[in-house]
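Single-structure report; data block below.
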Protein chains: 2
Amino acid sequence: MSRPGLRERKKTETLRRMQEEALRLFEEQGYDATTIEQIAEAAGVSPSTFYRYFPTKEDVVVQDEYDPMIVAAFRRQPEGAAPIDAFRSALAEQFAQFSPEDMARLRGRVELVLSVPALRARQVQQVVATERMIGEMVAERTGRSPGDLEVRNFAAALIATWSAGILVWVEGGGQDDLTAVLGRCLDHLEAGVPL
Amino acid sequence: MSRPGLRERKKTETLRRMQEEALRLFEEQGYDATTIEQIAEAAGVSPSTFYRYFPTKEDVVVQDEYDPMIVAAFRRQPEGAAPIDAFRSALAEQFAQFSPEDMARLRGRVELVLSVPALRARQVQQVVATERMIGEMVAERTGRSPGDLEVRNFAAALIATWSAGILVWVEGGGQDDLTAVLGRCLDHLEAGVPL
DNA sequence: TATCAAATGATAGTTACTATCAGAAAGGGG
DNA sequence: CCCCTTTCTGATAGTAACTATCATTTGATA
């Protein structure tokens with residue numbers, strides 16, 4: 001029953017502080033120019049402690065809570081729906097409950113990740129994991145094998161469209177309605193990406 | 001007129017030797033367990049020289065000559081053709097002149113890249129660059145802007161399909177006809193990735 | 001052969017990351 | 001309140017990728 005004890009509170013507090021200071025330093029002096037020592041120093045811990053919380057420097061930035069949320073939303077869609085429609089609904093549901101601050105944070109993070117090669121690389125691993133999850137879910141829904149060429153192709157194309165949409169959205173300054181942009185991407189994909 | 005002098009021949013020879021020895025060592029003892037020092041030693045050069053040829057350890061493996069070739073083949077396709085058809089032809093033309101040895105090498109390299117996270121990350125940069133080039137070419141052909149949402153989406157989906165096809169091909173042991181696999185992927189994409 | 005430019009090797013340094021171990025701090029039982 | 005166990009932290013030492021710099025060698029050229 002007992003709420004999180006002092007020990008656990010201290011841990012989450014330390015984690016939050018390290019992330020905050022790290023992002024601040026990255027913005028102030030750039031990602032590469034910021035050392036682990038500086039981050040640890042700013043957060044009032046030793047470098048050893050930093051590595052206990054984050055396996056790599058990149059992980060301070062790239063630790064996605066959104067992808068799993070959207071995958072979960074996808075899973076909640078009715079069984080009968082076409083996979084692409086299920087995904088469309090899942091995206092809409094998810095972003096509908098994002099506050100403007102959430103959107104701004106998302107955009108800021110995407111911009112940082114885009115500007116630092118090491119972070120971009122790390123982000124890709126996340127995306128690949130998400131692609132695999134989607135592939136597995138779709139395989140289950142349609143009664144196909146996860147290794148099926150079309151299942152793989154569907155998942156790959158879906159992720160690609162999703163990413164392209166977010167990129168264009170960020171490049172546009174985050175002014176447009178993200179759900180609408182992604183909707184247009186999905187429509188275009190469903191039509192066979194004609195030009 | 002004069003053919004490449006001794007100097008240049010030595011350079012390409014050194015490059016080839018370093019790549020060869022690196023791949024051998026990677027296979028024998030693993031990527032991470034192989035140091036630059038060992039590669040340099042095996043190739044009979046100093047570590048300094050290694051870094052003069054390859055900016056990073058990853059670049060010994062990931063330095064694609066195929067992507068540019070396919071982009072060039074794409075560029076050679078008739079102006080009037082639909083972009084997706086142009087790409088289909090470009091792929092077919094390209095792989096048609098691959099020897100079985102080339103195919104085996106391609107497969108081996110893909111497998112190595114897949115198995116090492118650092119290499120996968122590096123490979124992505126290449127793919128992103130290729131995606132951009134395709135986007136620009138398509139924009140030019142269709143008279144649209146390179147930042148156009150549909151142009152971006154087309155390029156992203158195309159690259160995704162391409163990658164998915166190669167992955168499935170490699171997972172199948174490279175037995176299937178790669179051109180056929182990629183053809184099926186493109187057909188599926190053109191149909192709107194239905195499931 | 002003498003000269004110039006390019007390629008190489010050697011050295012020293014920075015930084016991300018790992019391994020290990022001793023000490024501090026939190027939790028639970030008497 | 002004190003002891004004991006567990007968990008977290010800090011310090012130290014080390015590896016290896018990568019950078020910067022400079023002296024040396026080697027291919028090209030006149």
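Identifiers in the structure tokens: chain A, B, ... in order shown; residue index from 1 per chain; ligand index from 1 in order shown.
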>> Distance limit 8 Å, atoms considered: only C-alpha atoms (C1' of nucleotides). Which chain B residues sit that close to chain D? Return them as a ChimeraX atom specification.
In response: /B:6-7,35,56
Emit the selected residues as a compact mmCIF listing (two decimals), in the first residue's frame, including all heavy atoms.
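Okay, part.txt is ready:
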# COMPACT_ATOMS: atom_id res chain seq x y z
N LEU B 6 51.11 5.65 -60.10
CA LEU B 6 51.43 4.73 -59.02
C LEU B 6 50.79 5.18 -57.72
O LEU B 6 50.27 4.39 -56.96
CB LEU B 6 52.95 4.67 -58.86
CG LEU B 6 53.48 3.86 -57.67
CD1 LEU B 6 52.93 2.44 -57.70
CD2 LEU B 6 54.99 3.83 -57.66
N ARG B 7 50.82 6.48 -57.52
CA ARG B 7 50.28 7.05 -56.28
C ARG B 7 48.82 6.65 -56.07
O ARG B 7 48.44 6.13 -55.03
CB ARG B 7 50.39 8.57 -56.34
CG ARG B 7 50.19 9.25 -55.02
CD ARG B 7 50.63 10.69 -55.07
NE ARG B 7 51.66 11.02 -54.12
CZ ARG B 7 52.46 12.08 -54.19
NH1 ARG B 7 52.37 12.88 -55.22
NH2 ARG B 7 53.34 12.32 -53.26
N THR B 35 39.54 -3.90 -33.02
CA THR B 35 39.95 -2.50 -32.85
C THR B 35 40.55 -1.95 -34.14
O THR B 35 40.99 -2.70 -35.01
CB THR B 35 41.00 -2.36 -31.73
OG1 THR B 35 42.22 -2.96 -32.16
CG2 THR B 35 40.53 -3.03 -30.46
N THR B 56 35.02 7.13 -39.69
CA THR B 56 34.67 6.34 -38.52
C THR B 56 34.84 4.86 -38.81
O THR B 56 34.98 4.45 -39.96
CB THR B 56 33.20 6.56 -38.09
OG1 THR B 56 32.35 5.89 -39.03
CG2 THR B 56 32.85 8.02 -38.03
Residues of chain B within 10 Å of chain C, counting only C-alpha atoms (C1' of nucleotides), what are they? List them as a PDB file with all heavy atoms, in the first residue's frame.
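Result file is out-v8.pdb:
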ATOM      1  N   ARG B   7      50.823   6.485 -57.516  1.00  0.00           N
ATOM      2  CA  ARG B   7      50.284   7.046 -56.277  1.00  0.00           C
ATOM      3  C   ARG B   7      48.822   6.646 -56.071  1.00  0.00           C
ATOM      4  O   ARG B   7      48.436   6.133 -55.029  1.00  0.00           O
ATOM      5  CB  ARG B   7      50.394   8.573 -56.337  1.00  0.00           C
ATOM      6  CG  ARG B   7      50.192   9.249 -55.018  1.00  0.00           C
ATOM      7  CD  ARG B   7      50.633  10.694 -55.075  1.00  0.00           C
ATOM      8  NE  ARG B   7      51.660  11.023 -54.118  1.00  0.00           N
ATOM      9  CZ  ARG B   7      52.456  12.081 -54.190  1.00  0.00           C
ATOM     10  NH1 ARG B   7      52.365  12.881 -55.217  1.00  0.00           N
ATOM     11  NH2 ARG B   7      53.342  12.317 -53.264  1.00  0.00           N
ATOM     12  N   LYS B  11      46.835   4.034 -53.457  1.00  0.00           N
ATOM     13  CA  LYS B  11      45.761   4.472 -52.574  1.00  0.00           C
ATOM     14  C   LYS B  11      44.555   3.542 -52.642  1.00  0.00           C
ATOM     15  O   LYS B  11      44.058   3.075 -51.609  1.00  0.00           O
ATOM     16  CB  LYS B  11      45.325   5.905 -52.930  1.00  0.00           C
ATOM     17  CG  LYS B  11      46.047   6.966 -52.133  1.00  0.00           C
ATOM     18  CD  LYS B  11      45.628   8.373 -52.504  1.00  0.00           C
ATOM     19  CE  LYS B  11      44.307   8.788 -51.907  1.00  0.00           C
ATOM     20  NZ  LYS B  11      44.039  10.238 -52.135  1.00  0.00           N
ATOM     21  N   VAL B  45      49.248  -0.702 -42.262  1.00  0.00           N
ATOM     22  CA  VAL B  45      49.319   0.759 -42.196  1.00  0.00           C
ATOM     23  C   VAL B  45      49.199   1.197 -40.742  1.00  0.00           C
ATOM     24  O   VAL B  45      48.966   0.385 -39.857  1.00  0.00           O
ATOM     25  CB  VAL B  45      48.202   1.420 -43.025  1.00  0.00           C
ATOM     26  CG1 VAL B  45      48.337   1.084 -44.483  1.00  0.00           C
ATOM     27  CG2 VAL B  45      46.842   1.017 -42.488  1.00  0.00           C
ATOM     28  N   SER B  46      49.349   2.491 -40.509  1.00  0.00           N
ATOM     29  CA  SER B  46      49.211   3.004 -39.154  1.00  0.00           C
ATOM     30  C   SER B  46      47.753   3.395 -38.902  1.00  0.00           C
ATOM     31  O   SER B  46      47.006   3.659 -39.842  1.00  0.00           O
ATOM     32  CB  SER B  46      50.093   4.224 -38.966  1.00  0.00           C
ATOM     33  OG  SER B  46      49.555   5.310 -39.670  1.00  0.00           O
ATOM     34  N   PRO B  47      47.346   3.428 -37.637  1.00  0.00           N
ATOM     35  CA  PRO B  47      45.987   3.865 -37.310  1.00  0.00           C
ATOM     36  C   PRO B  47      45.675   5.238 -37.904  1.00  0.00           C
ATOM     37  O   PRO B  47      44.554   5.488 -38.343  1.00  0.00           O
ATOM     38  CB  PRO B  47      46.002   3.925 -35.781  1.00  0.00           C
ATOM     39  CG  PRO B  47      47.022   2.922 -35.374  1.00  0.00           C
ATOM     40  CD  PRO B  47      48.080   2.971 -36.444  1.00  0.00           C
ATOM     41  N   SER B  48      46.666   6.111 -37.918  1.00  0.00           N
ATOM     42  CA  SER B  48      46.454   7.433 -38.499  1.00  0.00           C
ATOM     43  C   SER B  48      45.943   7.316 -39.928  1.00  0.00           C
ATOM     44  O   SER B  48      45.000   8.004 -40.326  1.00  0.00           O
ATOM     45  CB  SER B  48      47.763   8.218 -38.501  1.00  0.00           C
ATOM     46  OG  SER B  48      48.313   8.254 -37.215  1.00  0.00           O
ATOM     47  N   THR B  49      46.587   6.439 -40.683  1.00  0.00           N
ATOM     48  CA  THR B  49      46.197   6.280 -42.086  1.00  0.00           C
ATOM     49  C   THR B  49      44.768   5.776 -42.197  1.00  0.00           C
ATOM     50  O   THR B  49      43.999   6.220 -43.049  1.00  0.00           O
ATOM     51  CB  THR B  49      47.157   5.311 -42.786  1.00  0.00           C
ATOM     52  OG1 THR B  49      48.464   5.863 -42.719  1.00  0.00           O
ATOM     53  CG2 THR B  49      46.766   5.102 -44.219  1.00  0.00           C
ATOM     54  N   ARG B  52      42.434   8.487 -42.039  1.00  0.00           N
ATOM     55  CA  ARG B  52      42.475   9.359 -43.200  1.00  0.00           C
ATOM     56  C   ARG B  52      41.561   8.833 -44.300  1.00  0.00           C
ATOM     57  O   ARG B  52      41.012   9.586 -45.077  1.00  0.00           O
ATOM     58  CB  ARG B  52      43.907   9.490 -43.704  1.00  0.00           C
ATOM     59  CG  ARG B  52      44.488  10.831 -43.297  1.00  0.00           C
ATOM     60  CD  ARG B  52      45.886  11.006 -43.783  1.00  0.00           C
ATOM     61  NE  ARG B  52      46.676  11.663 -42.758  1.00  0.00           N
ATOM     62  CZ  ARG B  52      47.577  11.078 -42.015  1.00  0.00           C
ATOM     63  NH1 ARG B  52      47.832   9.790 -42.182  1.00  0.00           N
ATOM     64  NH2 ARG B  52      48.234  11.752 -41.103  1.00  0.00           N
TER      65      ARG B  52
END
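Across all paired C-alpha atoms, the best overlay of chain B on chain A gives 0.5 Å RMSD.
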>> Show me, as a VMD selection string, every residue of chain A with an atom at most 10 Å from chain B, counting only C-alpha atoms.
In response: chain A and resid 82 to 84 117 to 125 138 to 139 141 to 142 144 147 to 165 167 to 169 171 to 172 181 to 182 184 to 195
> Quick one, how far is atom CA of B:Gln63 from atom CA of B:Pro78?
Replying inline: 28.6 Å
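By only C-alpha atoms (C1' of nucleotides), and with residues fewer than 4 positions from stretch 17-20 of chain A along its chain excluded, the set lying at most 9 Å from it is Thr12, Glu13, Arg24, Leu25, Ile39, Ala40, Ala42, Ala43, Gly44, Val45, Phe50, Val60 and Val61 of chain A.
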Print the selection's residues with N, CA and C atoms to a file, as a short mmCIF file (atom, residue, chain, number, x, y, z; two decimals), in the first residue's frame.
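File produced: part.cif:
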data_model
loop_
_atom_site.label_atom_id
_atom_site.label_comp_id
_atom_site.auth_asym_id
_atom_site.auth_seq_id
_atom_site.Cartn_x
_atom_site.Cartn_y
_atom_site.Cartn_z
N THR A 12 13.51 9.03 -8.97
CA THR A 12 12.82 9.72 -10.06
C THR A 12 13.20 11.18 -10.10
N GLU A 13 13.43 11.75 -8.94
CA GLU A 13 13.83 13.15 -8.87
C GLU A 13 15.20 13.34 -9.53
N ARG A 24 19.00 21.35 -21.12
CA ARG A 24 19.38 22.75 -21.02
C ARG A 24 20.79 22.96 -21.58
N LEU A 25 21.72 22.12 -21.14
CA LEU A 25 23.10 22.25 -21.60
C LEU A 25 23.21 22.00 -23.11
N ILE A 39 27.06 17.38 -17.30
CA ILE A 39 25.68 17.06 -16.96
C ILE A 39 25.60 16.56 -15.52
N ALA A 40 26.51 15.65 -15.17
CA ALA A 40 26.53 15.10 -13.82
C ALA A 40 26.75 16.21 -12.81
N ALA A 42 26.12 19.41 -13.16
CA ALA A 42 24.96 20.30 -13.08
C ALA A 42 23.82 19.65 -12.29
N ALA A 43 23.73 18.33 -12.39
CA ALA A 43 22.64 17.64 -11.70
C ALA A 43 23.04 17.24 -10.28
N GLY A 44 24.27 17.53 -9.93
CA GLY A 44 24.73 17.25 -8.57
C GLY A 44 24.95 15.78 -8.27
N VAL A 45 25.39 15.03 -9.30
CA VAL A 45 25.71 13.62 -9.08
C VAL A 45 27.07 13.31 -9.71
N PHE A 50 25.34 8.87 -13.47
CA PHE A 50 24.71 9.13 -14.77
C PHE A 50 24.59 7.84 -15.56
N VAL A 60 19.49 10.12 -22.86
CA VAL A 60 18.91 11.21 -22.07
C VAL A 60 17.81 11.89 -22.88
N VAL A 61 17.99 11.89 -24.19
CA VAL A 61 17.02 12.56 -25.05
C VAL A 61 16.00 11.58 -25.61
#
>> I want to know what sits within 8 Å of A:Phe95, based on only C-alpha atoms (C1' of nucleotides), with residues of the same chain fewer than 3 positions away left out; could you give that as a list of chain:residue names?
In response: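 In the requested form, the answer reads A:Leu91, A:Ala92, A:Phe98, A:Leu178, A:Thr179.
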> Taking the backbone alone, and naming residues the way the document does, which bits of stretch 15-87 of chain A are helix (DSSP H, G or I) by DSSP, as a ChimeraX atom specification?
Replying inline: /A:15-29,36-43,47-53,57-60,66-76,83-87
>> I want to know what sits within 8 Å of stretch 69-72 of chain B, based on only C-alpha atoms (C1' of nucleotides), with residues of the same chain fewer than 4 positions away left out; could you give that as a list in words?
In response: Glu65, Arg76, Ala90, Leu91, Gln94, Thr130, Met133 and Ile134 of chain B
Can you spit out the residues from that selection as an mmCIF file, in the first residue's frame, using all heavy atoms?
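And here is the file that came out, again-v4.cif:
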data_model
loop_
_atom_site.group_PDB
_atom_site.id
_atom_site.type_symbol
_atom_site.label_atom_id
_atom_site.label_comp_id
_atom_site.auth_asym_id
_atom_site.auth_seq_id
_atom_site.Cartn_x
_atom_site.Cartn_y
_atom_site.Cartn_z
ATOM 1 N N GLU B 65 28.091 1.899 -52.746
ATOM 2 C CA GLU B 65 28.255 2.255 -54.142
ATOM 3 C C GLU B 65 26.971 1.913 -54.903
ATOM 4 O O GLU B 65 26.752 2.393 -56.001
ATOM 5 C CB GLU B 65 29.450 1.523 -54.754
ATOM 6 C CG GLU B 65 29.270 0.016 -54.896
ATOM 7 C CD GLU B 65 30.087 -0.753 -53.867
ATOM 8 O OE1 GLU B 65 30.065 -0.342 -52.685
ATOM 9 O OE2 GLU B 65 30.719 -1.756 -54.230
ATOM 10 N N ARG B 76 18.096 7.935 -65.555
ATOM 11 C CA ARG B 76 18.141 7.605 -66.988
ATOM 12 C C ARG B 76 16.775 7.232 -67.570
ATOM 13 O O ARG B 76 16.631 7.127 -68.786
ATOM 14 C CB ARG B 76 19.102 6.440 -67.226
ATOM 15 C CG ARG B 76 20.566 6.819 -67.236
ATOM 16 C CD ARG B 76 21.422 5.714 -67.840
ATOM 17 N NE ARG B 76 21.285 4.438 -67.145
ATOM 18 C CZ ARG B 76 22.014 4.093 -66.080
ATOM 19 N NH1 ARG B 76 22.929 4.897 -65.618
ATOM 20 N NH2 ARG B 76 21.838 2.928 -65.494
ATOM 21 N N ALA B 90 14.470 0.978 -63.041
ATOM 22 C CA ALA B 90 15.841 1.271 -62.606
ATOM 23 C C ALA B 90 16.392 0.111 -61.773
ATOM 24 O O ALA B 90 17.533 -0.325 -61.969
ATOM 25 C CB ALA B 90 15.869 2.566 -61.783
ATOM 26 N N LEU B 91 15.579 -0.398 -60.864
ATOM 27 C CA LEU B 91 16.006 -1.522 -60.030
ATOM 28 C C LEU B 91 16.304 -2.738 -60.888
ATOM 29 O O LEU B 91 17.338 -3.397 -60.721
ATOM 30 C CB LEU B 91 14.912 -1.877 -59.012
ATOM 31 C CG LEU B 91 14.828 -1.006 -57.768
ATOM 32 C CD1 LEU B 91 13.643 -1.427 -56.928
ATOM 33 C CD2 LEU B 91 16.109 -1.133 -56.964
ATOM 34 N N GLN B 94 19.471 -2.431 -62.860
ATOM 35 C CA GLN B 94 20.657 -2.478 -62.026
ATOM 36 C C GLN B 94 21.016 -3.896 -61.607
ATOM 37 O O GLN B 94 22.127 -4.371 -61.813
ATOM 38 C CB GLN B 94 20.444 -1.606 -60.781
ATOM 39 C CG GLN B 94 21.725 -1.131 -60.189
ATOM 40 C CD GLN B 94 22.607 -0.491 -61.250
ATOM 41 O OE1 GLN B 94 22.132 0.316 -62.040
ATOM 42 N NE2 GLN B 94 23.867 -0.881 -61.282
ATOM 43 N N THR B 130 19.797 8.946 -49.667
ATOM 44 C CA THR B 130 19.216 8.418 -50.896
ATOM 45 C C THR B 130 17.767 8.883 -51.049
ATOM 46 O O THR B 130 17.346 9.274 -52.136
ATOM 47 C CB THR B 130 19.262 6.882 -50.889
ATOM 48 O OG1 THR B 130 20.610 6.462 -50.690
ATOM 49 C CG2 THR B 130 18.734 6.323 -52.190
ATOM 50 N N MET B 133 17.661 12.354 -52.325
ATOM 51 C CA MET B 133 17.972 12.454 -53.752
ATOM 52 C C MET B 133 16.779 12.038 -54.603
ATOM 53 O O MET B 133 16.465 12.674 -55.602
ATOM 54 C CB MET B 133 19.176 11.567 -54.083
ATOM 55 C CG MET B 133 20.489 12.102 -53.562
ATOM 56 S SD MET B 133 21.882 11.077 -54.054
ATOM 57 C CE MET B 133 21.886 11.319 -55.830
ATOM 58 N N ILE B 134 16.123 10.958 -54.174
ATOM 59 C CA ILE B 134 14.956 10.499 -54.923
ATOM 60 C C ILE B 134 13.872 11.564 -54.890
ATOM 61 O O ILE B 134 13.253 11.876 -55.911
ATOM 62 C CB ILE B 134 14.444 9.171 -54.336
ATOM 63 C CG1 ILE B 134 15.426 8.055 -54.679
ATOM 64 C CG2 ILE B 134 13.053 8.848 -54.865
ATOM 65 C CD1 ILE B 134 15.050 6.710 -54.120
#
> What is the atom CA of A:Ser99 to atom CA of A:Leu112 distance in Å?
Replying inline: 20.1 Å
> Mind pulling up the distance from atom CA of B:Glu136 to atom CA of B:Arg107?
Replying inline: 28.5 Å
